[in-house]
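First comes the structure, then the notes that go with it.
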Amino acid sequence: MDEASDVMPSELPVERRQRHTRDRTASLNSLSHFKSASSKHIRPRSTLRNRGSNASMKSVGSDTDHSEIIAPIPRRHLLQTSQSLHWLRVDTSSGDEWLNRGVSPVSASSVGSVFPNNRMANRLSFTALMEHERTAVGPSSTADARILEDDQGTIGAGRRFVRWMHRNNMKHWVVPSAIAASTLVKWCIGLGTYSGHNTPPIFGDYEAQRHWMELTVHLPVGEWYTYDLQYWGLDYPPLTAYVSWLCGRIGSLIEPSWFTLQASRGLETGGSKLFMRATVVILDLLLYIPALYTFVCAWQGTRSSRKRHAALLTLLFHPALLLIDFGHFQYNSVMLGLTLLAINAFAAGHDLFGAIFFVLSLGFKQMALYYAPAVGSYLIGKCIYLGPVHGTRLFLRLALTTTLAFVIMFAPFLPPFSPLSTIAAPIIRIFPFGRGLFEDKVANFWCFTNVLVKWKQIFASREGILIKASTGLTALGFLPAVAALIFGGYKTRLQKDAQNHSVDVSPSMAPSSPTPILPLLPYALLTCSMSFFLFSFQVHEKTILIPLLPLTLLLSGAAPTDDVFLWGALGNNVGVFSMWPLLKKDGLGLQYLAMLILWNRLTGYNPFKVRYRNFVGLLSSVVHTVIIILHLLELVVTPPARYPDLFPVLNVLISTPIFGLIWLWSIKRLVEVSWAISGLPGKRGKEGPSLAASAISTTSSSATFGHSPMRGEMGVRATSLGYASGRGRGQTDARRRALVASAGGDREH
Amino acid sequence: MDTVKQSHSSPTDELDDSQKPHAPKSTSAWTWLNFLGNVSQSEVDVLLLSTAFKFLLFPAYRSTDFEVHRNWLAITHSLPISRWYYDTTSEWTLDYPPFFAYFESLMSIPASFIDPKIVDLQNLQYDAWTVIAYQRLTVIISELVLGAALLRFIRVSVDPSRQRILSASLFLHPGLLMIDHIHFQYNGFMFGILLWSILMACEGRKLASGILFAVLLNFKHIYMYLAPAYFIYLLRSYCMSPAGAIIPTRFISLANSVLLVFLASLGPFVLMGQLLQLLSRLFPFTRGLNHAYWAPNAWALVTAADRVLLQLVKHLDVGLVVNESGIASTSRGLVGDTVFAVIPNIKPIHTFIITIIFQMVYLIKLWSAPTYKSFVAALTLCGYASYMFGWHVHEKAILLVLVPLTLLASENYAYYKTFVIASVAGIFSLFPLIFTPAETLLKIVYSVIWGGMILYPLHKQLYEFPSSLPWVLLESFENAYLYGFAFLQAFVTLFPLMTGGNPDTEFLPLMATSVYCAVGLIWSFIRLSTLYIIEQY
């Protein structure tokens with residue numbers, strides 16, 4: 001779809017453009033005879049359109065429009081013959097069961113078994129789901145709108161850059177140069193000031209990190225969590241301490257005075273600043289950037305390389321993270337990178353590695369707990385999906401790995417190395433329940449409602465109630481994600497007709513096969529982390545980075561006219577805006593402006609374009625206008641003495657509703673996607689899913705059929721692309737799922 | 001993926017969005033910029049993204065030039081015009097021509113509203129956030145002149161997609177980034193005027209071209225390096241008919257316009273009788289042949305040869321007369337006379353004569369072939385000759401060569417290769433200007449990205465396989481030279497670490513940079529001269 005406008009200059013006459021698309025499609029499919037058959041463009045469209053659902057046609061047959069099937073189709077089937085034969089061979093013994101095979105996850109694995117040892121087979125495309133949704137969004141995003149995309153600048157500088165690079169034969173340099181450019185930008189943000197710059201006696205986050213390096217280098221492990229707690233005592237989990245120790249050792253090798261105990265407190269020399277900034281950039285290069293790259297490969301493997309490159313650009317210049325890590329000074333990219341690696345490992349089917357990465361992420365920063373319910377319930381969902389035998393096996397393995405990873409991480413604080421009582425100190429430090437509901441002005445529920453209800457005064461002596469309330473609300477907030485994942489796992493669980501399955505299903509039982517509930521994971525992560533951000537205890541405004549990660553991941557996989565894209569861009573901009581008071585205090589106002597310009601231009605998001613078409617478009621126009629007005633007001637108006645915090649409070653009042661809406665939207669998306677995956681509750685019979693799928697796919701094909709010819713062409717392209725890159729990757733059921741989802745989208749709109 | 005590649009190289013794909021007519025409604029927001037034609041999205045991208053990036057450079061290292069310009073804001077704001085060229089409150093006295101002083105005076109008006117302390121003459125070394133942001137911002141805004149000129153070049157070009165790359169290369173030039181946005185100067189603005197002037201010549205509006213160049217001269221007198229080419233070109237192609245007869249009306253109109261420009265600039269000072277004082281500020285002849293860091297020109301090689309000979313003489317005891325004061329004269333330290341130990345000393349008059357001789361050769365060629373392309377080449381070469389042989393040339397002057405040379409880069413492969421060698425050596429020669437560790441990484445990474453983005457596509461479009469063995473050898477030598485810069489950078493970075501900052505060998509990385517760049521720049525100079533002389537216009 002978007003590739004279509006990518007490849008061809010948009011001013012070409014429509015006729016030429018269509019031929020062009022077709023040529024490309026054909027070449028992608030290596031169907032040489034297909035060109036000749038496509039002299040009338042309507043035909044191949046319809047045939048290709050149905051190709052996506054051919055499995056269901058095969059199974060249910062008569063439901064689909066046979067009159068539309070013409071010559072090219074059999075060739076495609078020939079390519080699949082091995083699979084079909086494979087099915088048939090099994091099916092002869094399984095009787096009725098083969099009807100289900102098209103849809104049930106079993107088929108994915110059986111296709112995978114045709115291509116053994118193919119690691120790619122484990123990639124599941126949840127973006128294919130989005131792609132298809134976009135084709136079915138309805139007349140709002142018509143082809144004409146897309147032709148004008150380039151001229152109206154909705155494509156974004158990133159896309160244009162990638163396109164230019166590809167045209168000039170520099171395809172292989174896109175990723176290196178993008179990484180180099182983003183590193184350059186990060187480094188340049190680091191030229192500015194940092195948190196607590198030149199503000200003795202306590203300084204800020206920069207001094208905290210530097211102080212931890214100082215104390216871990218000089219003190220025995222047992223004293224790390226007890227040493228002079230008043231001055232930036234260590235309150236992050238042990239992995240942070242170990243990394244600090246490593247950085248401190250290296251730094252001490254270069255210049256011992258940077259980390260001398262006590263004497264180096266508040267040290268702000270140019271050299272030490274440079275070293276500290278370098279550690280963030282290097283850790284980011286070592287962890288976060290590979291994680292992003294593997295994310296784009298693992299989760300967007302079915303997209304064209306141009307789109308993947310553009311997605312990578314979007315992720316590399318993520319403004320909120322860059323401003324906080326490289327400006328304000330923190331190591332969030334390590335924690336987020338580890339979580340991302342965990343998600344990638346899940347997508348690739350390596351659940352145990354994923355669990356280890358997630359434990360490491362938790363061990364680096366306890367904020368990763370915001371993701372924990374989603375990750376945990378994903379793994380439980382997967383265990384349920386695998387069925388009692390294999391599921392239990394996986395569950396035990398996971399439990400063992402996780403426990404072991406935690407034990408190893410806390411080993412220096414545990415008995416053989418130190419008395420058992422040592423462990424108490426880090427635990428108490430890591431979970432500070434004694435600090436109060438919220439500290440600064442933070443855009444969450446408590447601070448937002450605090451304008452009207454003075455929580456702290458009302459519950460002055462009964463903090464316990466507040467803690468319980470916040471815990472309860474948080475749990476309620478992430479419940480939909482947990483439910484969706486577990487229920488999704490249950491709905492799609494493998495059939496336990498043991499006698500037929502013993503032979504065929506076994507490859508799928510290996511923990512390395514993709515699960516159908518994977519597309520739910522990003523939304524679940526978003527729901528969970530946003531719920532924590534909104535409702536939990538002791539939230540800091542920087543914590544918005546954690547919900548922003550899954551949101552940006554989703555955004556990177558969406559087209560610029562998508563709802564997902566609009567929500568993601570709005571969320572990111574508002575997220576950065578919600579940290580404005582903090583950044584202003586750090587002296588990073590200019591970097592704030594620069595990064596917002598850069599990222600919005602890169603993604604092609606124009607915050608001030610009025611979009612009447614849908615709610616989120618209208619909302620973002622309004623919100624962005626209000627933000628600009630607020631910034632201008634702040635320049636000229638000094639807040640009255642009675643309300644010194646006027647602007648931070650207004651900031652909270654603007655940001656919180658947006659975050660709340662994103663939370664609600666992610667729940668809505670969860671429902672939609674899980675519906676797409678597993679159908680409506682209670683409809684799952686023996687042949688239920690396949691019937692539903694075929695019915696839905698007919699709906700979707702006829703739905704697209706009704707629009708302009710261009711739409712059909714795009715549909716062709718999406719399908720063929722999905723096929724081309726999905727071939728040999730076991731994408732059959734992903735594609736079907738995508739179709740189902742598109743139908744879901746149809747109903748919804 | 002192979003099939004995808006194939007379709008990339010198909011002719012329809014090569015159609016850039018530059019080559020198609022733009023829908024008028026899509027650019028309605030830019031109608032006020034109509035004189036630039038329709039601005040395409042990719043051009044807006046370059047502008048916005050580079051501006052965002054330049055914002056990030058606000059807190060970067062800045063040289064004393066920053067305080068120089070702040071002081072000029074203060075001088076022009078708080079003193080009457082009669083005192084401008086006399087004031088010595090700060091050591092950074094006003095030493096640019098009057099138009100620049102007027103420009104500073106103009107900029108000082110908003111500055112006084114933003115923060116009155118900026119324009120306080122006594123407030124030396126003021127480095128509050130307001131003054132940094134304001135001055136850096138003026139550089140970015142004034143650079144739009146350059147951007148507009150470059151856009152206009154795309155519009156009049158026969159091959160817009162290639163010119164777009166060249167224009168982007170100039171707008172994002174690492175030299176300009178380092179000098180203007182880190183080191184701090186207003187070169188982008190000045191080169192904008194120069195390019196407007198060249199553009200006028202390209203469009204055949206030669207009177208405008210002459211006037212703009214006269215204006216430019218009154219902004220910064222270093223552009224006198226290029227003046228001979230302008231003089232000959234305008235005289236031959238504007239004031240004379242092709243047969244060689246002078247057209248009096250044109251001659252008079254050009255002379256009058258230029259005179260008027262100079263009158264507007266210098267007039268007030270002539271009236272006040274300050275012309276000599278002004279000129280003494282503009283042309284201080286108390287400096288040495290080389291700068292503290294030798295600009296990589298011919299004299300850098302001569303000086304290096306002298307240093308090597310000195311060591312030889314010392315060790316071999318050949319019996320040559322050694323100038324004792326030359327031994328003491330090192331390349332380090334204060335601005336002063338460089339005294340050679342072995343080689344006879346160079347006087348300003350010598351450098352002047354050599355420069356003139358070289359320029360004469362190009363000017364004769366220009367006289368016989370006064371076309372636009374010949375003019376640009378002669379212009380570049382005049383600047384190049386001055387850079388190569390001038391007295392006390394600063395390394396920043398290499399931009400005078402690189403900017404017009406870029407306009408020639410897409411002529412053919414020979415010009416392109418000349419451009420590559422000169423650009424790489426020239427940009428590298430600017431690296432010592434930015435010596436702080438944080439900005440060192442920045443300048444290297446930025447330059448490498450720039451090089452890859454600009455040179456690779458041009459190379460692909462222009463490459464011609466060398467026709468015979470000598471050319472193949474030459475090509476491989478040139479490539480080896482270019483790859484050598486990676487090793488040079490490694491040496492420059494690692495050497496101080498290995499020696500631990502030993503003051504006796506401190507000068508070595510700088511000297512190595514200077515000599516290595518000088519080799520490339522001289523070779524590129526020879527290439528360009530040869531190309532220009534043998535080419536038929």
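Letters for chains follow the order of the structure tokens (A, B, ...), residue numbers begin at 1 for each chain, and ligand numbers begin at 1 in the order shown.
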
**Study point:** Residue hits in chain B, query chain A, radius 6 Å, only C-alpha atoms, as a list in words
**Key:** Ser26, Asp45, Leu49, Ala52, Leu56, Pro59, Ala60 and Pro457 of chain B

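CA of His221 (chain B) to CA of Met200 (chain B) spans 20.5 Å [interatomic distance, one decimal].
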
Practice item. Could you give me, as a PyMOL selection string, the residues within 8 Å of Gly248 (chain A), counting only C-alpha atoms and dropping anything in the same chain fewer than 3 positions from it? Key: chain A and resi 213-214+216-217+244-245+251-252+259

Selection above as a file: N, CA and C atoms, as a PDB file, in the first residue's frame:
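Result file follows (result.pdb):
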ATOM      1  N   MET A 213      28.544   5.080  41.203  1.00  0.00           N
ATOM      2  CA  MET A 213      29.806   4.556  40.681  1.00  0.00           C
ATOM      3  C   MET A 213      30.890   4.695  41.740  1.00  0.00           C
ATOM      4  N   GLU A 214      30.882   5.856  42.383  1.00  0.00           N
ATOM      5  CA  GLU A 214      31.876   6.127  43.420  1.00  0.00           C
ATOM      6  C   GLU A 214      31.760   5.102  44.547  1.00  0.00           C
ATOM      7  N   THR A 216      30.139   2.129  44.689  1.00  0.00           N
ATOM      8  CA  THR A 216      30.304   0.704  44.361  1.00  0.00           C
ATOM      9  C   THR A 216      31.765   0.361  44.137  1.00  0.00           C
ATOM     10  N   VAL A 217      32.530   1.305  43.635  1.00  0.00           N
ATOM     11  CA  VAL A 217      33.946   1.019  43.401  1.00  0.00           C
ATOM     12  C   VAL A 217      34.678   0.888  44.738  1.00  0.00           C
ATOM     13  N   SER A 244      27.159   0.202  37.501  1.00  0.00           N
ATOM     14  CA  SER A 244      27.840   1.365  38.070  1.00  0.00           C
ATOM     15  C   SER A 244      29.268   0.997  38.459  1.00  0.00           C
ATOM     16  N   TRP A 245      29.389  -0.179  39.051  1.00  0.00           N
ATOM     17  CA  TRP A 245      30.715  -0.629  39.469  1.00  0.00           C
ATOM     18  C   TRP A 245      31.651  -0.716  38.261  1.00  0.00           C
ATOM     19  N   GLY A 251      36.200   4.259  34.697  1.00  0.00           N
ATOM     20  CA  GLY A 251      36.461   5.681  34.896  1.00  0.00           C
ATOM     21  C   GLY A 251      37.654   5.925  35.799  1.00  0.00           C
ATOM     22  N   SER A 252      37.774   5.099  36.850  1.00  0.00           N
ATOM     23  CA  SER A 252      38.898   5.281  37.763  1.00  0.00           C
ATOM     24  C   SER A 252      40.226   4.984  37.072  1.00  0.00           C
ATOM     25  N   PHE A 259      36.229   9.512  40.854  1.00  0.00           N
ATOM     26  CA  PHE A 259      35.419   8.659  41.715  1.00  0.00           C
ATOM     27  C   PHE A 259      36.062   8.411  43.081  1.00  0.00           C
TER      28      PHE A 259
END

Point to revise | For Ile349 (chain B): contacts at 10 Å, only C-alpha atoms, fewer than 5 positions along chain excluded, given as a VMD selection string | key: chain B and resid 354 to 355 390 to 391

Exercise for review: Run DSSP on the backbone of this structure and report the residues of region 361-508 of chain B it assigns to alpha helix (DSSP H), as a ChimeraX atom specification.
Suggested key: /B:361-368,372-389,399-408,413-430,437-462,469-499,507-508

Exercise for review: Could you check how far CA of Tyr293 (chain B) sits from CA of His394 (chain B), in Å to one decimal?
Suggested key: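 Going from CA of Tyr293 (chain B) over to CA of His394 (chain B) covers 8.6 Å.
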